[in-house]
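Colleague: entry.tsv (TSV, N, CA, C and O atoms and all ligand atoms) pasted underneath:
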```
chain	number	residue	atom	x	y	z
A	77	MET	N	-12.88	-66.29	-131.73
A	77	MET	CA	-11.65	-65.75	-132.33
A	77	MET	C	-11.69	-64.22	-132.39
A	77	MET	O	-10.68	-63.56	-132.22
A	78	ILE	N	-12.90	-63.67	-132.63
A	78	ILE	CA	-13.02	-62.22	-132.63
A	78	ILE	C	-12.66	-61.67	-131.24
A	78	ILE	O	-12.01	-60.64	-131.13
A	79	SER	N	-13.04	-62.38	-130.20
A	79	SER	CA	-12.70	-61.89	-128.86
A	79	SER	C	-11.19	-61.97	-128.63
A	79	SER	O	-10.62	-61.14	-127.94
A	80	THR	N	-10.54	-62.95	-129.24
A	80	THR	CA	-9.08	-63.01	-129.15
A	80	THR	C	-8.47	-61.79	-129.81
A	80	THR	O	-7.56	-61.17	-129.27
A	81	ILE	N	-9.01	-61.41	-130.97
A	81	ILE	CA	-8.49	-60.24	-131.68
A	81	ILE	C	-8.71	-58.98	-130.85
A	81	ILE	O	-7.81	-58.15	-130.71
A	82	SER	N	-9.89	-58.84	-130.25
A	82	SER	CA	-10.12	-57.61	-129.49
A	82	SER	C	-9.26	-57.60	-128.23
A	82	SER	O	-8.86	-56.53	-127.77
A	83	GLN	N	-8.95	-58.76	-127.69
A	83	GLN	CA	-8.02	-58.78	-126.55
A	83	GLN	C	-6.62	-58.39	-126.96
A	83	GLN	O	-5.90	-57.73	-126.21
A	84	LEU	N	-6.22	-58.82	-128.16
A	84	LEU	CA	-4.90	-58.44	-128.65
A	84	LEU	C	-4.84	-56.93	-128.83
A	84	LEU	O	-3.80	-56.31	-128.63
A	85	ARG	N	-5.96	-56.33	-129.19
A	85	ARG	CA	-6.01	-54.88	-129.37
A	85	ARG	C	-5.86	-54.16	-128.04
A	85	ARG	O	-5.14	-53.19	-127.91
A	86	THR	N	-6.60	-54.61	-127.05
A	86	THR	CA	-6.73	-53.83	-125.82
A	86	THR	C	-5.75	-54.26	-124.74
A	86	THR	O	-5.08	-53.43	-124.14
A	87	GLY	N	-5.66	-55.53	-124.45
A	87	GLY	CA	-4.76	-55.99	-123.40
A	87	GLY	C	-4.46	-57.45	-123.63
A	87	GLY	O	-5.24	-58.32	-123.28
A	88	PRO	N	-3.33	-57.73	-124.25
A	88	PRO	CA	-3.05	-59.10	-124.68
A	88	PRO	C	-2.63	-59.97	-123.51
A	88	PRO	O	-1.52	-60.47	-123.45
A	89	SER	N	-3.52	-60.19	-122.57
A	89	SER	CA	-3.16	-60.83	-121.31
A	89	SER	C	-2.81	-62.30	-121.46
A	89	SER	O	-2.26	-62.89	-120.56
A	90	PHE	N	-3.15	-62.90	-122.60
A	90	PHE	CA	-2.91	-64.34	-122.70
A	90	PHE	C	-1.57	-64.67	-123.35
A	90	PHE	O	-1.21	-65.82	-123.46
A	91	LEU	N	-0.84	-63.64	-123.83
A	91	LEU	CA	0.50	-63.92	-124.31
A	91	LEU	C	1.43	-64.00	-123.10
A	91	LEU	O	1.24	-63.29	-122.12
A	92	ASN	N	2.43	-64.86	-123.18
A	92	ASN	CA	3.22	-65.17	-121.99
A	92	ASN	C	3.89	-63.98	-121.34
A	92	ASN	O	3.98	-63.92	-120.12
A	93	ALA	N	4.37	-63.01	-122.14
A	93	ALA	CA	5.06	-61.86	-121.56
A	93	ALA	C	4.13	-61.10	-120.62
A	93	ALA	O	4.57	-60.56	-119.61
A	94	TYR	N	2.84	-61.06	-120.95
A	94	TYR	CA	1.88	-60.32	-120.13
A	94	TYR	C	1.35	-61.19	-119.00
A	94	TYR	O	1.12	-60.72	-117.89
A	95	ARG	N	1.16	-62.47	-119.29
A	95	ARG	CA	0.66	-63.37	-118.26
A	95	ARG	C	1.69	-63.54	-117.15
A	95	ARG	O	1.33	-63.63	-115.99
A	96	ALA	N	2.97	-63.56	-117.52
A	96	ALA	CA	4.01	-63.70	-116.50
A	96	ALA	C	4.04	-62.46	-115.61
A	96	ALA	O	4.23	-62.54	-114.40
A	97	LYS	N	3.82	-61.29	-116.22
A	97	LYS	CA	3.79	-60.04	-115.46
A	97	LYS	C	2.66	-60.07	-114.44
A	97	LYS	O	2.78	-59.57	-113.34
A	98	SER	N	1.54	-60.65	-114.84
A	98	SER	CA	0.39	-60.72	-113.95
A	98	SER	C	0.46	-61.95	-113.06
A	98	SER	O	-0.49	-62.28	-112.37
A	99	ARG	N	1.59	-62.69	-113.13
A	99	ARG	CA	1.82	-63.85	-112.28
A	99	ARG	C	0.89	-65.02	-112.56
A	99	ARG	O	0.69	-65.86	-111.71
A	100	PHE	N	0.30	-65.06	-113.76
A	100	PHE	CA	-0.50	-66.22	-114.11
A	100	PHE	C	0.41	-67.42	-114.39
A	100	PHE	O	0.07	-68.56	-114.15
A	101	ILE	N	1.57	-67.12	-114.94
A	101	ILE	CA	2.54	-68.16	-115.27
A	101	ILE	C	3.92	-67.69	-114.86
A	101	ILE	O	4.12	-66.51	-114.59
A	102	ASP	N	4.88	-68.60	-114.80
A	102	ASP	CA	6.21	-68.26	-114.31
A	102	ASP	C	7.09	-67.61	-115.36
A	102	ASP	O	7.86	-66.71	-115.06
A	103	SER	N	7.00	-68.08	-116.60
A	103	SER	CA	7.94	-67.62	-117.61
A	103	SER	C	7.27	-66.80	-118.70
A	103	SER	O	6.23	-67.19	-119.21
A	104	PRO	N	7.89	-65.64	-119.03
A	104	PRO	CA	7.35	-64.82	-120.12
A	104	PRO	C	7.80	-65.32	-121.49
A	104	PRO	O	7.48	-64.72	-122.51
A	105	ALA	N	8.56	-66.39	-121.53
A	105	ALA	CA	9.16	-66.84	-122.79
A	105	ALA	C	8.13	-67.39	-123.77
A	105	ALA	O	7.07	-67.85	-123.40
A	106	CYS	N	8.51	-67.32	-125.04
A	106	CYS	CA	7.68	-67.88	-126.10
A	106	CYS	C	7.91	-69.38	-126.13
A	106	CYS	O	9.03	-69.85	-126.30
A	107	GLU	N	6.83	-70.13	-125.95
A	107	GLU	CA	6.97	-71.59	-125.92
A	107	GLU	C	7.22	-72.16	-127.30
A	107	GLU	O	7.73	-73.27	-127.44
A	108	ALA	N	6.87	-71.41	-128.32
A	108	ALA	CA	7.01	-71.93	-129.69
A	108	ALA	C	8.46	-71.89	-130.17
A	108	ALA	O	8.90	-72.77	-130.89
A	109	CYS	N	9.22	-70.86	-129.79
A	109	CYS	CA	10.58	-70.72	-130.31
A	109	CYS	C	11.63	-70.51	-129.23
A	109	CYS	O	12.81	-70.52	-129.51
A	110	GLY	N	11.20	-70.27	-127.99
A	110	GLY	CA	12.16	-70.10	-126.91
A	110	GLY	C	12.65	-68.67	-126.71
A	110	GLY	O	13.52	-68.43	-125.88
A	111	ALA	N	12.11	-67.71	-127.48
A	111	ALA	CA	12.49	-66.31	-127.28
A	111	ALA	C	12.14	-65.88	-125.85
A	111	ALA	O	11.22	-66.43	-125.23
A	112	ALA	N	12.88	-64.90	-125.33
A	112	ALA	CA	12.76	-64.54	-123.92
A	112	ALA	C	11.37	-64.01	-123.56
A	112	ALA	O	10.87	-64.28	-122.48
A	113	TYR	N	10.77	-63.26	-124.48
A	113	TYR	CA	9.46	-62.68	-124.18
A	113	TYR	C	8.47	-62.92	-125.31
A	113	TYR	O	8.75	-62.57	-126.45
A	114	GLU	N	7.34	-63.48	-124.99
A	114	GLU	CA	6.29	-63.62	-125.98
A	114	GLU	C	5.39	-62.39	-125.90
A	114	GLU	O	4.38	-62.37	-125.21
A	115	THR	N	5.80	-61.36	-126.59
A	115	THR	CA	5.01	-60.13	-126.64
A	115	THR	C	4.08	-60.19	-127.85
A	115	THR	O	4.16	-61.10	-128.66
A	116	ARG	N	3.23	-59.15	-127.95
A	116	ARG	CA	2.30	-59.08	-129.07
A	116	ARG	C	3.05	-59.03	-130.39
A	116	ARG	O	2.73	-59.74	-131.34
A	117	SER	N	4.07	-58.17	-130.47
A	117	SER	CA	4.77	-58.06	-131.75
A	117	SER	C	5.62	-59.31	-132.01
A	117	SER	O	5.79	-59.72	-133.15
A	118	HIS	N	6.12	-59.93	-130.95
A	118	HIS	CA	6.85	-61.19	-131.17
A	118	HIS	C	5.91	-62.22	-131.78
A	118	HIS	O	6.24	-62.85	-132.78
A	119	PHE	N	4.77	-62.39	-131.16
A	119	PHE	CA	3.83	-63.41	-131.63
A	119	PHE	C	3.33	-63.11	-133.04
A	119	PHE	O	3.34	-63.97	-133.92
A	120	LEU	N	2.90	-61.87	-133.26
A	120	LEU	CA	2.28	-61.54	-134.55
A	120	LEU	C	3.29	-61.38	-135.68
A	120	LEU	O	3.01	-61.73	-136.82
A	121	LEU	N	4.47	-60.81	-135.37
A	121	LEU	CA	5.36	-60.40	-136.45
A	121	LEU	C	6.70	-61.12	-136.48
A	121	LEU	O	7.31	-61.23	-137.54
A	122	GLU	N	7.18	-61.58	-135.34
A	122	GLU	CA	8.58	-62.01	-135.30
A	122	GLU	C	8.81	-63.48	-135.08
A	122	GLU	O	9.83	-64.01	-135.51
A	123	CYS	N	7.94	-64.15	-134.38
A	123	CYS	CA	8.21	-65.53	-133.98
A	123	CYS	C	8.48	-66.41	-135.21
A	123	CYS	O	7.62	-66.54	-136.08
A	124	PRO	N	9.68	-67.00	-135.30
A	124	PRO	CA	10.00	-67.82	-136.46
A	124	PRO	C	9.12	-69.07	-136.56
A	124	PRO	O	8.96	-69.63	-137.65
A	125	ALA	N	8.56	-69.49	-135.43
A	125	ALA	CA	7.72	-70.70	-135.46
A	125	ALA	C	6.47	-70.50	-136.32
A	125	ALA	O	5.92	-71.46	-136.85
A	126	TRP	N	6.02	-69.27	-136.47
A	126	TRP	CA	4.78	-69.00	-137.22
A	126	TRP	C	5.06	-68.35	-138.57
A	126	TRP	O	4.14	-67.92	-139.25
A	127	GLU	N	6.33	-68.26	-138.95
A	127	GLU	CA	6.69	-67.55	-140.17
A	127	GLU	C	5.92	-68.06	-141.40
A	127	GLU	O	5.37	-67.27	-142.17
A	128	HIS	N	5.82	-69.38	-141.54
A	128	HIS	CA	5.15	-69.94	-142.72
A	128	HIS	C	3.66	-69.62	-142.72
A	128	HIS	O	3.02	-69.62	-143.77
A	129	LEU	N	3.09	-69.35	-141.53
A	129	LEU	CA	1.66	-69.06	-141.46
A	129	LEU	C	1.37	-67.59	-141.75
A	129	LEU	O	0.22	-67.19	-141.91
A	130	ARG	N	2.43	-66.77	-141.79
A	130	ARG	CA	2.25	-65.33	-142.00
A	130	ARG	C	2.10	-64.95	-143.46
A	130	ARG	O	1.70	-63.83	-143.76
A	131	GLN	N	2.41	-65.87	-144.37
A	131	GLN	CA	2.37	-65.52	-145.79
A	131	GLN	C	1.00	-65.01	-146.26
A	131	GLN	O	0.92	-63.97	-146.92
A	132	PRO	N	-0.11	-65.72	-145.91
A	132	PRO	CA	-1.43	-65.21	-146.34
A	132	PRO	C	-1.74	-63.83	-145.74
A	132	PRO	O	-2.38	-63.00	-146.38
A	133	LEU	N	-1.24	-63.62	-144.53
A	133	LEU	CA	-1.45	-62.34	-143.86
A	133	LEU	C	-0.70	-61.22	-144.60
A	133	LEU	O	-1.24	-60.14	-144.85
A	134	SER	N	0.55	-61.51	-144.97
A	134	SER	CA	1.34	-60.54	-145.75
A	134	SER	C	0.68	-60.26	-147.08
A	134	SER	O	0.61	-59.10	-147.53
A	135	ALA	N	0.15	-61.30	-147.71
A	135	ALA	CA	-0.51	-61.13	-149.01
A	135	ALA	C	-1.74	-60.24	-148.85
A	135	ALA	O	-1.99	-59.35	-149.68
A	136	ALA	N	-2.51	-60.45	-147.78
A	136	ALA	CA	-3.71	-59.64	-147.54
A	136	ALA	C	-3.32	-58.18	-147.30
A	136	ALA	O	-4.02	-57.26	-147.73
A	137	CYS	N	-2.21	-57.94	-146.64
A	137	CYS	CA	-1.72	-56.58	-146.42
A	137	CYS	C	-1.39	-55.90	-147.74
A	137	CYS	O	-1.76	-54.74	-147.97
A	138	ARG	N	-0.69	-56.64	-148.60
A	138	ARG	CA	-0.33	-56.05	-149.91
A	138	ARG	C	-1.58	-55.72	-150.72
A	138	ARG	O	-1.64	-54.71	-151.41
A	139	GLU	N	-2.61	-56.59	-150.59
A	139	GLU	CA	-3.85	-56.37	-151.33
A	139	GLU	C	-4.52	-55.05	-150.96
A	139	GLU	O	-5.19	-54.44	-151.76
A	140	ILE	N	-4.37	-54.64	-149.70
A	140	ILE	CA	-4.99	-53.37	-149.30
A	140	ILE	C	-3.98	-52.24	-149.29
A	140	ILE	O	-4.24	-51.17	-148.74
A	141	GLY	N	-2.83	-52.48	-149.90
A	141	GLY	CA	-1.88	-51.39	-150.09
A	141	GLY	C	-0.88	-51.19	-148.99
A	141	GLY	O	-0.20	-50.16	-148.93
A	142	LEU	N	-0.78	-52.17	-148.05
A	142	LEU	CA	0.24	-52.08	-147.01
A	142	LEU	C	1.45	-52.89	-147.45
A	142	LEU	O	1.42	-54.11	-147.44
A	143	PHE	N	2.50	-52.19	-147.83
A	143	PHE	CA	3.68	-52.88	-148.31
A	143	PHE	C	4.78	-52.83	-147.26
A	143	PHE	O	4.69	-52.07	-146.30
A	144	GLY	N	5.81	-53.64	-147.46
A	144	GLY	CA	6.91	-53.65	-146.50
A	144	GLY	C	6.60	-54.52	-145.31
A	144	GLY	O	5.75	-55.40	-145.38
A	145	SER	N	7.28	-54.26	-144.19
A	145	SER	CA	7.10	-55.12	-143.03
A	145	SER	C	5.71	-54.94	-142.42
A	145	SER	O	5.12	-53.87	-142.50
A	146	LEU	N	5.25	-56.01	-141.80
A	146	LEU	CA	3.97	-55.94	-141.10
A	146	LEU	C	4.14	-55.13	-139.82
A	146	LEU	O	5.20	-55.08	-139.23
A	147	HIS	N	3.03	-54.51	-139.40
A	147	HIS	CA	3.03	-53.79	-138.13
A	147	HIS	C	1.81	-54.22	-137.33
A	147	HIS	O	0.79	-54.61	-137.89
A	148	VAL	N	1.94	-54.11	-136.01
A	148	VAL	CA	0.88	-54.60	-135.14
A	148	VAL	C	-0.43	-53.83	-135.34
A	148	VAL	O	-1.49	-54.43	-135.51
A	149	ALA	N	-0.35	-52.50	-135.34
A	149	ALA	CA	-1.58	-51.70	-135.33
A	149	ALA	C	-2.52	-51.97	-136.51
A	149	ALA	O	-3.69	-52.25	-136.29
A	150	PRO	N	-2.03	-51.90	-137.76
A	150	PRO	CA	-2.96	-52.18	-138.86
A	150	PRO	C	-3.49	-53.60	-138.84
A	150	PRO	O	-4.66	-53.82	-139.20
A	151	LEU	N	-2.67	-54.54	-138.40
A	151	LEU	CA	-3.15	-55.93	-138.34
A	151	LEU	C	-4.37	-56.04	-137.44
A	151	LEU	O	-5.28	-56.81	-137.71
A	152	LEU	N	-4.36	-55.28	-136.36
A	152	LEU	CA	-5.43	-55.43	-135.37
A	152	LEU	C	-6.60	-54.50	-135.60
A	152	LEU	O	-7.64	-54.66	-135.00
A	153	THR	N	-6.42	-53.51	-136.47
A	153	THR	CA	-7.49	-52.53	-136.61
A	153	THR	C	-8.11	-52.48	-138.00
A	153	THR	O	-9.23	-52.01	-138.15
A	154	GLU	N	-7.39	-52.94	-139.01
A	154	GLU	CA	-7.91	-52.87	-140.38
A	154	GLU	C	-8.98	-53.95	-140.58
A	154	GLU	O	-8.67	-55.14	-140.49
A	155	PRO	N	-10.22	-53.55	-140.84
A	155	PRO	CA	-11.30	-54.54	-140.98
A	155	PRO	C	-11.01	-55.62	-142.02
A	155	PRO	O	-11.38	-56.77	-141.82
A	156	LYS	N	-10.34	-55.26	-143.11
A	156	LYS	CA	-10.08	-56.23	-144.16
A	156	LYS	C	-9.04	-57.27	-143.76
A	156	LYS	O	-8.84	-58.26	-144.44
A	157	LEU	N	-8.36	-57.03	-142.66
A	157	LEU	CA	-7.34	-57.99	-142.21
A	157	LEU	C	-7.84	-58.91	-141.12
A	157	LEU	O	-7.14	-59.82	-140.68
A	158	ILE	N	-9.07	-58.68	-140.66
A	158	ILE	CA	-9.58	-59.49	-139.55
A	158	ILE	C	-9.66	-60.96	-139.92
A	158	ILE	O	-9.25	-61.83	-139.16
A	159	LYS	N	-10.16	-61.24	-141.12
A	159	LYS	CA	-10.31	-62.64	-141.52
A	159	LYS	C	-8.96	-63.35	-141.66
A	159	LYS	O	-8.76	-64.41	-141.06
A	160	PRO	N	-8.01	-62.77	-142.43
A	160	PRO	CA	-6.70	-63.44	-142.49
A	160	PRO	C	-6.01	-63.50	-141.13
A	160	PRO	O	-5.29	-64.47	-140.85
A	161	LEU	N	-6.25	-62.50	-140.28
A	161	LEU	CA	-5.65	-62.54	-138.95
A	161	LEU	C	-6.25	-63.68	-138.12
A	161	LEU	O	-5.54	-64.42	-137.45
A	162	ALA	N	-7.58	-63.83	-138.21
A	162	ALA	CA	-8.24	-64.92	-137.49
A	162	ALA	C	-7.74	-66.27	-137.98
A	162	ALA	O	-7.52	-67.19	-137.19
A	163	THR	N	-7.54	-66.39	-139.29
A	163	THR	CA	-7.01	-67.62	-139.86
A	163	THR	C	-5.61	-67.90	-139.31
A	163	THR	O	-5.28	-69.03	-138.95
A	164	PHE	N	-4.81	-66.85	-139.24
A	164	PHE	CA	-3.45	-66.98	-138.69
A	164	PHE	C	-3.50	-67.44	-137.23
A	164	PHE	O	-2.82	-68.40	-136.84
A	165	LEU	N	-4.34	-66.78	-136.43
A	165	LEU	CA	-4.45	-67.13	-135.00
A	165	LEU	C	-4.89	-68.58	-134.85
A	165	LEU	O	-4.37	-69.32	-134.02
A	166	ASP	N	-5.85	-68.95	-135.66
A	166	ASP	CA	-6.37	-70.31	-135.65
A	166	ASP	C	-5.27	-71.31	-135.99
A	166	ASP	O	-5.10	-72.33	-135.32
A	167	ALA	N	-4.52	-70.99	-137.04
A	167	ALA	CA	-3.50	-71.90	-137.54
A	167	ALA	C	-2.37	-72.11	-136.52
A	167	ALA	O	-1.80	-73.20	-136.44
A	168	THR	N	-2.06	-71.08	-135.74
A	168	THR	CA	-1.00	-71.23	-134.75
A	168	THR	C	-1.46	-72.17	-133.63
A	168	THR	O	-0.63	-72.80	-132.98
A	169	GLY	N	-2.77	-72.26	-133.42
A	169	GLY	CA	-3.28	-73.08	-132.33
A	169	GLY	C	-2.93	-72.51	-130.97
A	169	GLY	O	-3.13	-73.13	-129.94
A	170	ARG	N	-2.40	-71.29	-130.97
A	170	ARG	CA	-1.87	-70.68	-129.75
A	170	ARG	C	-2.98	-70.40	-128.73
A	170	ARG	O	-2.75	-70.40	-127.54
A	171	PHE	N	-4.17	-70.14	-129.21
A	171	PHE	CA	-5.22	-69.70	-128.30
A	171	PHE	C	-6.39	-70.68	-128.23
A	171	PHE	O	-7.48	-70.31	-127.84
A	172	SER	N	-6.13	-71.93	-128.61
A	172	SER	CA	-7.25	-72.87	-128.66
A	172	SER	C	-7.88	-73.08	-127.29
A	172	SER	O	-9.09	-73.25	-127.19
A	173	CYS	N	-7.07	-73.07	-126.23
A	173	CYS	CA	-7.65	-73.25	-124.89
A	173	CYS	C	-8.08	-71.91	-124.32
A	173	CYS	O	-9.19	-71.76	-123.81
A	174	GLU	N	-7.18	-70.91	-124.43
A	174	GLU	CA	-7.43	-69.63	-123.81
A	174	GLU	C	-8.71	-68.97	-124.32
A	174	GLU	O	-9.43	-68.35	-123.56
A	175	SER	N	-8.98	-69.14	-125.62
A	175	SER	CA	-10.13	-68.43	-126.18
A	175	SER	C	-11.43	-68.94	-125.56
A	175	SER	O	-12.40	-68.20	-125.45
A	176	VAL	N	-11.43	-70.20	-125.13
A	176	VAL	CA	-12.61	-70.71	-124.45
A	176	VAL	C	-12.72	-70.14	-123.05
A	176	VAL	O	-13.75	-69.65	-122.63
A	177	ARG	N	-11.57	-70.17	-122.35
A	177	ARG	CA	-11.57	-69.72	-120.97
A	177	ARG	C	-11.84	-68.21	-120.88
A	177	ARG	O	-12.53	-67.74	-120.00
A	178	ASP	N	-11.25	-67.47	-121.82
A	178	ASP	CA	-11.43	-66.02	-121.78
A	178	ASP	C	-12.80	-65.66	-122.26
A	178	ASP	O	-13.21	-64.56	-122.23
A	201	ZN	ZN	8.46	-67.24	-130.58
```
Rewrite the structure of this file - the entire thing - as structure tokens.
Ligand SMILES: [Zn+2]
Modeller:
Amino acid sequence: MISTISQLRTGPSFLNAYRAKSRFIDSPACEACGAAYETRSHFLLECPAWEHLRQPLSAACREIGLFGSLHVAPLLTEPKLIKPLATFLDATGRFSCESVRD
């Protein structure tokens, strides 16, 4: 899961928007909600399919003084958010296969 997080930081190649660009898959769309592009910010912040799983992540942000909307950069770089982020990634089940292959 840590490797998934570091990939999200550097080059999120396993999200559909990026995989489609690299021709690994045909469609850049989000399979969870049908949005046109599954980008990093869509997956982490916007996808309605994962909204209920974001609550612990939002709570962890407030605990370290990040209020308001979530943003990609602190989620991926703040050490105190790694654990709740890993829990979120795990809960989505989005990377259960890819994390092994990658
Ligand atoms: Zn989505």
Colleague: Counting only C-alpha atoms, what is within 9 Å of stretch 141-150 of chain A, bar same-chain residues fewer than 6 positions away, as a ChimeraX atom specification?
Modeller: /A:85,116-117,120-121,133-134,157
Colleague: If you count all atoms listed in the file, which residues end up within 7 Å of ligand ZN 201 (chain A), as a JSON list (two decimals) with N, CA, C and O atoms, in the frame of the given file?
Modeller:
```json
[["chain", "number", "residue", "atom", "x", "y", "z"],
["A", 105, "ALA", "N", 8.56, -66.39, -121.53],
["A", 105, "ALA", "CA", 9.16, -66.84, -122.79],
["A", 105, "ALA", "C", 8.13, -67.39, -123.77],
["A", 105, "ALA", "O", 7.07, -67.85, -123.40],
["A", 106, "CYS", "N", 8.51, -67.32, -125.04],
["A", 106, "CYS", "CA", 7.68, -67.88, -126.10],
["A", 106, "CYS", "C", 7.91, -69.38, -126.13],
["A", 106, "CYS", "O", 9.03, -69.85, -126.30],
["A", 107, "GLU", "N", 6.83, -70.13, -125.95],
["A", 107, "GLU", "CA", 6.97, -71.59, -125.92],
["A", 107, "GLU", "C", 7.22, -72.16, -127.30],
["A", 107, "GLU", "O", 7.73, -73.27, -127.44],
["A", 108, "ALA", "N", 6.87, -71.41, -128.32],
["A", 108, "ALA", "CA", 7.01, -71.93, -129.69],
["A", 108, "ALA", "C", 8.46, -71.89, -130.17],
["A", 108, "ALA", "O", 8.90, -72.77, -130.89],
["A", 109, "CYS", "N", 9.22, -70.86, -129.79],
["A", 109, "CYS", "CA", 10.58, -70.72, -130.31],
["A", 109, "CYS", "C", 11.63, -70.51, -129.23],
["A", 109, "CYS", "O", 12.81, -70.52, -129.51],
["A", 110, "GLY", "N", 11.20, -70.27, -127.99],
["A", 110, "GLY", "CA", 12.16, -70.10, -126.91],
["A", 110, "GLY", "C", 12.65, -68.67, -126.71],
["A", 110, "GLY", "O", 13.52, -68.43, -125.88],
["A", 111, "ALA", "N", 12.11, -67.71, -127.48],
["A", 111, "ALA", "CA", 12.49, -66.31, -127.28],
["A", 111, "ALA", "C", 12.14, -65.88, -125.85],
["A", 111, "ALA", "O", 11.22, -66.43, -125.23],
["A", 113, "TYR", "N", 10.77, -63.26, -124.48],
["A", 113, "TYR", "CA", 9.46, -62.68, -124.18],
["A", 113, "TYR", "C", 8.47, -62.92, -125.31],
["A", 113, "TYR", "O", 8.75, -62.57, -126.45],
["A", 114, "GLU", "N", 7.34, -63.48, -124.99],
["A", 114, "GLU", "CA", 6.29, -63.62, -125.98],
["A", 114, "GLU", "C", 5.39, -62.39, -125.90],
["A", 114, "GLU", "O", 4.38, -62.37, -125.21],
["A", 118, "HIS", "N", 6.12, -59.93, -130.95],
["A", 118, "HIS", "CA", 6.85, -61.19, -131.17],
["A", 118, "HIS", "C", 5.91, -62.22, -131.78],
["A", 118, "HIS", "O", 6.24, -62.85, -132.78],
["A", 119, "PHE", "N", 4.77, -62.39, -131.16],
["A", 119, "PHE", "CA", 3.83, -63.41, -131.63],
["A", 119, "PHE", "C", 3.33, -63.11, -133.04],
["A", 119, "PHE", "O", 3.34, -63.97, -133.92],
["A", 122, "GLU", "N", 7.18, -61.58, -135.34],
["A", 122, "GLU", "CA", 8.58, -62.01, -135.30],
["A", 122, "GLU", "C", 8.81, -63.48, -135.08],
["A", 122, "GLU", "O", 9.83, -64.01, -135.51],
["A", 123, "CYS", "N", 7.94, -64.15, -134.38],
["A", 123, "CYS", "CA", 8.21, -65.53, -133.98],
["A", 123, "CYS", "C", 8.48, -66.41, -135.21],
["A", 123, "CYS", "O", 7.62, -66.54, -136.08],
["A", 124, "PRO", "N", 9.68, -67.00, -135.30],
["A", 124, "PRO", "CA", 10.00, -67.82, -136.46],
["A", 124, "PRO", "C", 9.12, -69.07, -136.56],
["A", 124, "PRO", "O", 8.96, -69.63, -137.65],
["A", 125, "ALA", "N", 8.56, -69.49, -135.43],
["A", 125, "ALA", "CA", 7.72, -70.70, -135.46],
["A", 125, "ALA", "C", 6.47, -70.50, -136.32],
["A", 125, "ALA", "O", 5.92, -71.46, -136.85],
["A", 126, "TRP", "N", 6.02, -69.27, -136.47],
["A", 126, "TRP", "CA", 4.78, -69.00, -137.22],
["A", 126, "TRP", "C", 5.06, -68.35, -138.57],
["A", 126, "TRP", "O", 4.14, -67.92, -139.25]]
```
Colleague: Could you pull out the residues in stretch 82-152 of chain A that DSSP calls helix (DSSP H, G or I) from the backbone, as a count of residues only?
Modeller: 39
Colleague: What is the distance, in Å and to one decimal place, between atom O of A:Thr163 and atom N of A:Lys97?
Modeller: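 Taking atom O of A:Thr163 and atom N of A:Lys97, their separation equals 25.7 Å.
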Colleague: Tell me which of A:Pro160, A:Asp166, A:Ala112, A:Leu151 sits closest to A:Ser82, counting only C-alpha atoms.
Modeller: A:Leu151
Colleague: Would you work out the distance separating atom N of A:Asn92 from atom O of A:Pro104, expressed in Å to one decimal?
Modeller: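 Taking atom N of A:Asn92 as the start and atom O of A:Pro104 as the end point, the length is 5.1 Å.
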Colleague: Box for stretch 131-140 of chain A: with edges along x, y and z, all listed atoms inside and 6 Å added on each side, what are the centre and edge lengths in Å to one decimal, as lines of an AutoDock Vina configuration file?
Modeller:
```
center_x = -1.4
center_y = -58.5
center_z = -147.8
size_x = 19.6
size_y = 26.7
size_z = 19.9
```
Colleague: How many Å separate atom CA of A:Leu165 from atom CA of A:Arg99?
Modeller: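 Atom-to-atom, atom CA of A:Leu165 to atom CA of A:Arg99, that is 23.8 Å.
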Colleague: Find, counting only N, CA, C and O atoms, the residue in A:Thr168, A:Thr86, A:Ser98, A:Ser79 that gets nearest to A:Leu129.
Modeller: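 Closest candidate: A:Thr168.
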Colleague: Here is a test: counting all atoms listed in the file, which residue of A:Ile78, A:Leu91, A:Ile158, A:Ala136 is nearest to A:Arg170?
Modeller: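 The answer is A:Leu91, which sits nearest to A:Arg170.
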Colleague: Please determine, counting all atoms listed in the file, which residue among A:Glu154, A:Ala93, A:His128, A:Ala162 has the shortest atom-to-atom distance to A:Thr115.
Modeller: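 Distance minimum relative to A:Thr115 lands on A:Ala93.
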